[in-house]
Amino acid sequence: MTVNAQAIDVGGATRHTAIEAHSIDYIPEGERTSKVRDQGPFWFLGNFHFFTVSIGFIGPSMGLPAGWSALAGALGIMFGTLFMAFHGSQGPELGLPQMIQSRAQFGYRGVVLALVGTLLVFVGFNVVNAALLGSGLQSLFGWQSSMVAIVTTVIAAVLAIYGHDLLHKVFKYSFMISVPVYVALTLAALLGFANNTDAITTHAASAATFGWVAFLTQFAAGASYNISYAPYVSDYSRYLPRKTRSSALITAIAGGASFSGIWMIALGAWLATRLGGTDALVALYQAGTNVFPGFGYLVVITSVISLVSVMGLNAYSGVLTVLTGVDSIRKIHPTRRTRMITTIAIAAIWLAFTLALSGKALHLLEGFLAIMLYFLVPWTAVNLVDYFFVRHGHYAITHFFTPDGIYGAWGWRGISAYLIGFIAMIPFIIAGDFYEGPIAKVIGGIDIGWLIGLIVSGSAYYLFARSLDLKAEQPFIAQSEKDLKLK
């Protein structure tokens, strides 16, 4: 079997032009000048905004005390971060977007199955983000929610079009602006300066009691939130040098994403119980205003900037997902123009859904977090088992770009493991008001479907992979490395 080295473009314009030249193609070693030290702040900001604060409302909305909600959220965030951080280590080694690498498990065309779920995450996140922004800013300032959605969508699309370097730069400055503001707000809350003395709110907080259903629901929300970043991470670590130490990178990603997530969920739980908050942005404004007049506006501005930046991140990875899917069906040459057109199309789709939304934002958020976890769990289990326990990071990179390579057009092992894991989850899952599995009902409405999916999909793939002839792949891996160096 031979693969044309031209199937992968490792040349082209430098990354430092205004609009990023690369998309789903391989990043040459000479262009990989990113630093590990930037990954921590980058993923810290990924969770450092009022969307994450909203997750802290879920436990209190079910009667769980603030302390227990914060603990459940922290445990969930740390659990989910394990998966996203380990995915991040694949970026420097392979120099590819995350979902291109999934062709090794699902096949060149079969990867479309996994792409559907990940695209739902990227688009869905931005629908919820825009809805929360519109709802919050309308409540606070009377701004028309539809206009807020349009403006934020345009900004996010521009960030995605300019790509990797601009996103990293914007995240860096947003990090520098946001941290001092939230440090001040959190200290004020701890010292009692941001409290609301409303007797009704105080009574509601004292009446909250521990319950396993609420605790595990809050845990699952935190876990799903950071697991949902799994398809993103390599997109933003693929410009790191190949010699990057995996342990340092995993630590940086995990530290950044977990610390900010734990912080924001705890703050959200406090806002929900002490201020009676139901809208995160409004609650942050109220808490800031309680500290001193005008501070609430500053809290809102910094949080909006952070969330719009994250919308750009979602759009960028969503575009890479769409291009991967199209390329899997019909070979394309991913030019700047192609990426720009795709970005505009995706932005139009999430804007249309946002403008059509109705209902409470928190209810939408909780349902979306649950549903997206079910789609991502089987994929992340299959991908990580293959990378760390089956192939140990050794792949023929050029073979990702052809259906005639060693990974084939359809990877029955990955597809079967994904479907088996997904089916196994069904009796255990709770999808908001739409569905509750029979076993979930028996165990009192506790959702453990995601855990079942992880175990079953990962185990099934590992079992199926025992039939792989990994020795036969070695000559193709060696030839791939030679082809890449020649380019």
# chains A, B, ... in the order shown; residues from 1 in each chain; ligands from 1
call {"tool": "select_by_dssp", "arguments": {"residues": "segment 188-387 of chain A", "states": "helix (DSSP H, G or I)", "output": "PyMOL selection string"}}
result
chain A and resi 188-190+199-207+212-227+233-237+246-274+280-291+295-329+336-356+361-387
call {"tool": "write_last_selection", "arguments": {"atoms": "C-alpha atoms", "output": "compact mmCIF listing (two decimals), in the first residue's frame"}}
result
# COMPACT_ATOMS: atom_id res chain seq x y z
CA ALA A 188 -15.94 40.99 48.53
CA ALA A 189 -18.34 38.04 48.59
CA LEU A 190 -16.24 36.17 51.16
CA ALA A 199 -34.78 37.90 54.23
CA ILE A 200 -36.46 35.74 51.58
CA THR A 201 -33.12 34.92 50.00
CA THR A 202 -31.57 34.15 53.37
CA HIS A 203 -34.46 31.86 54.26
CA ALA A 204 -34.15 30.00 50.94
CA ALA A 205 -30.43 29.47 51.54
CA SER A 206 -30.99 28.09 55.06
CA ALA A 207 -33.77 25.76 53.86
CA TRP A 212 -27.90 12.76 46.04
CA VAL A 213 -29.90 13.47 42.90
CA ALA A 214 -29.05 17.17 43.03
CA PHE A 215 -25.42 16.49 43.98
CA LEU A 216 -24.85 14.04 41.13
CA THR A 217 -26.71 16.27 38.66
CA GLN A 218 -24.37 19.13 39.56
CA PHE A 219 -21.41 16.75 39.29
CA ALA A 220 -22.49 15.56 35.84
CA ALA A 221 -22.97 19.16 34.67
CA GLY A 222 -19.41 20.03 35.70
CA ALA A 223 -17.99 16.86 34.16
CA SER A 224 -19.84 17.33 30.88
CA TYR A 225 -18.75 20.95 30.68
CA ASN A 226 -15.05 20.15 30.59
CA ILE A 227 -15.44 16.88 28.67
CA VAL A 233 -7.97 21.02 22.71
CA SER A 234 -5.64 19.78 19.98
CA ASP A 235 -6.90 22.57 17.73
CA TYR A 236 -5.11 25.00 20.04
CA SER A 237 -2.07 22.90 20.95
CA SER A 246 3.30 15.77 27.39
CA SER A 247 3.37 15.96 31.18
CA ALA A 248 4.01 19.72 31.15
CA LEU A 249 1.28 20.33 28.58
CA ILE A 250 -1.30 18.15 30.35
CA THR A 251 -0.55 19.91 33.64
CA ALA A 252 -0.91 23.36 32.07
CA ILE A 253 -4.23 22.55 30.40
CA ALA A 254 -5.66 20.73 33.40
CA GLY A 255 -4.56 23.43 35.83
CA GLY A 256 -6.02 26.28 33.82
CA ALA A 257 -9.33 24.66 32.91
CA SER A 258 -10.02 23.12 36.32
CA PHE A 259 -9.10 26.11 38.51
CA SER A 260 -11.28 28.61 36.68
CA GLY A 261 -14.16 26.14 36.37
CA ILE A 262 -14.12 25.35 40.09
CA TRP A 263 -13.93 29.06 40.93
CA MET A 264 -16.81 30.11 38.69
CA ILE A 265 -19.14 27.26 39.70
CA ALA A 266 -18.55 28.02 43.38
CA LEU A 267 -19.26 31.69 42.73
CA GLY A 268 -22.42 30.70 40.86
CA ALA A 269 -23.62 28.56 43.77
CA TRP A 270 -23.04 31.50 46.12
CA LEU A 271 -24.93 33.90 43.84
CA ALA A 272 -27.85 31.48 43.55
CA THR A 273 -28.22 30.97 47.30
CA ARG A 274 -27.20 34.35 48.70
CA ALA A 280 -25.91 34.69 35.94
CA LEU A 281 -25.13 38.01 34.29
CA VAL A 282 -27.79 39.85 36.30
CA ALA A 283 -26.61 38.20 39.52
CA LEU A 284 -23.00 39.21 38.84
CA TYR A 285 -24.12 42.78 38.23
CA GLN A 286 -26.08 42.84 41.48
CA ALA A 287 -23.17 41.42 43.46
CA GLY A 288 -20.78 43.95 41.94
CA THR A 289 -23.15 46.82 42.62
CA ASN A 290 -23.47 45.71 46.23
CA VAL A 291 -19.70 46.14 46.57
CA PHE A 295 -18.40 47.90 39.92
CA GLY A 296 -21.31 45.84 38.64
CA TYR A 297 -20.88 47.35 35.20
CA LEU A 298 -17.19 46.42 35.20
CA VAL A 299 -17.98 42.82 36.16
CA VAL A 300 -20.53 42.57 33.35
CA ILE A 301 -18.21 44.07 30.73
CA THR A 302 -15.30 41.75 31.54
CA SER A 303 -17.54 38.69 31.62
CA VAL A 304 -19.13 39.55 28.28
CA ILE A 305 -15.70 40.06 26.68
CA SER A 306 -14.57 36.65 27.93
CA LEU A 307 -17.68 34.85 26.73
CA VAL A 308 -17.61 36.45 23.27
CA SER A 309 -13.96 35.34 22.99
CA VAL A 310 -15.04 31.79 23.80
CA MET A 311 -17.75 32.03 21.14
CA GLY A 312 -14.91 32.72 18.68
CA LEU A 313 -13.16 29.57 19.93
CA ASN A 314 -16.33 27.53 19.41
CA ALA A 315 -16.75 28.90 15.91
CA TYR A 316 -13.14 28.17 14.96
CA SER A 317 -13.30 24.54 16.07
CA GLY A 318 -16.74 24.19 14.53
CA VAL A 319 -15.31 25.23 11.18
CA LEU A 320 -12.50 22.67 11.46
CA THR A 321 -15.14 20.03 12.22
CA VAL A 322 -17.26 20.94 9.20
CA LEU A 323 -14.23 21.00 6.88
CA THR A 324 -13.15 17.60 8.20
CA GLY A 325 -16.61 16.24 7.48
CA VAL A 326 -16.79 17.67 3.97
CA ASP A 327 -13.26 16.45 3.21
CA SER A 328 -14.24 12.97 4.43
CA ILE A 329 -16.96 12.83 1.80
CA ARG A 336 -8.48 30.70 3.58
CA ARG A 337 -11.52 31.43 1.43
CA THR A 338 -13.04 28.05 2.24
CA ARG A 339 -12.58 28.61 5.94
CA MET A 340 -14.07 32.11 5.76
CA ILE A 341 -17.17 30.93 3.89
CA THR A 342 -17.66 28.04 6.29
CA THR A 343 -17.33 30.36 9.29
CA ILE A 344 -20.00 32.69 7.95
CA ALA A 345 -22.32 29.76 7.26
CA ILE A 346 -21.95 28.31 10.76
CA ALA A 347 -22.42 31.74 12.33
CA ALA A 348 -25.65 32.21 10.37
CA ILE A 349 -26.92 28.84 11.60
CA TRP A 350 -26.30 29.45 15.31
CA LEU A 351 -27.70 32.98 15.01
CA ALA A 352 -30.90 31.65 13.43
CA PHE A 353 -31.34 29.13 16.26
CA THR A 354 -30.62 31.80 18.87
CA LEU A 355 -33.22 34.18 17.47
CA ALA A 356 -35.79 31.37 17.43
CA ALA A 361 -32.05 30.10 29.72
CA LEU A 362 -31.13 27.99 32.76
CA HIS A 363 -33.46 25.19 31.69
CA LEU A 364 -31.92 25.32 28.22
CA LEU A 365 -28.42 25.24 29.68
CA GLU A 366 -29.07 22.21 31.89
CA GLY A 367 -30.68 20.22 29.09
CA PHE A 368 -27.95 21.07 26.62
CA LEU A 369 -25.14 20.08 28.99
CA ALA A 370 -26.76 16.71 29.56
CA ILE A 371 -27.43 15.95 25.91
CA MET A 372 -24.02 16.95 24.59
CA LEU A 373 -22.30 14.71 27.15
CA TYR A 374 -24.04 11.66 25.68
CA PHE A 375 -22.68 12.38 22.21
CA LEU A 376 -19.13 13.10 23.34
CA VAL A 377 -18.55 10.38 25.91
CA PRO A 378 -18.27 7.39 23.50
CA TRP A 379 -16.00 9.37 21.17
CA THR A 380 -13.60 10.55 23.87
CA ALA A 381 -13.35 7.02 25.31
CA VAL A 382 -12.53 5.49 21.92
CA ASN A 383 -10.06 8.22 20.97
CA LEU A 384 -8.10 8.19 24.23
CA VAL A 385 -7.96 4.39 24.47
CA ASP A 386 -6.57 4.23 20.94
CA TYR A 387 -4.00 6.97 21.51
call {"tool": "atom_distance", "arguments": {"atom1": "atom CA of Phe44 of chain A", "atom2": "atom CA of Thr278 of chain A"}}
result
24.3 Å
call {"tool": "residues_around", "arguments": {"residues": "segment 422-430 of chain A", "least_positions_apart": "5", "cutoff": "10 Å", "atoms": "only C-alpha atoms", "output": "count of residues only"}}
result
34
call {"tool": "closest_residue", "arguments": {"among": "A:Gly40, A:Gly421, A:Pro334, A:Pro231", "to": "Lys172 of chain A", "atoms": "only C-alpha atoms"}}
result
A:Gly40
call {"tool": "closest_residue", "arguments": {"among": "A:Gly211, A:Gly276, A:Pro293, A:Pro97", "to": "Asp25 of chain A", "atoms": "only C-alpha atoms"}}
result
A:Pro97
call {"tool": "residues_around", "arguments": {"residues": "Glu29 of chain A", "least_positions_apart": "5", "cutoff": "10 Å", "atoms": "only C-alpha atoms", "output": "ChimeraX atom specification"}}
result
/A:10,92,95,238-243,484-485
call {"tool": "write_last_selection", "arguments": {"atoms": "C-alpha atoms", "output": "PDB file, in the first residue's frame"}}
result
ATOM      1  CA  VAL A  10       2.696  20.849   4.898  1.00  0.00           C
ATOM      2  CA  PRO A  92       2.101  18.661  19.398  1.00  0.00           C
ATOM      3  CA  GLY A  95       0.233  18.651  14.430  1.00  0.00           C
ATOM      4  CA  ARG A 238      -1.115  21.790  17.435  1.00  0.00           C
ATOM      5  CA  TYR A 239       1.195  24.784  16.973  1.00  0.00           C
ATOM      6  CA  LEU A 240       3.400  23.593  19.841  1.00  0.00           C
ATOM      7  CA  PRO A 241       6.750  21.960  18.902  1.00  0.00           C
ATOM      8  CA  ARG A 242       6.645  18.201  18.552  1.00  0.00           C
ATOM      9  CA  LYS A 243       9.253  17.804  21.313  1.00  0.00           C
ATOM     10  CA  LEU A 484       6.859  14.909   6.250  1.00  0.00           C
ATOM     11  CA  LYS A 485      10.537  15.716   6.691  1.00  0.00           C
TER      12      LYS A 485
END
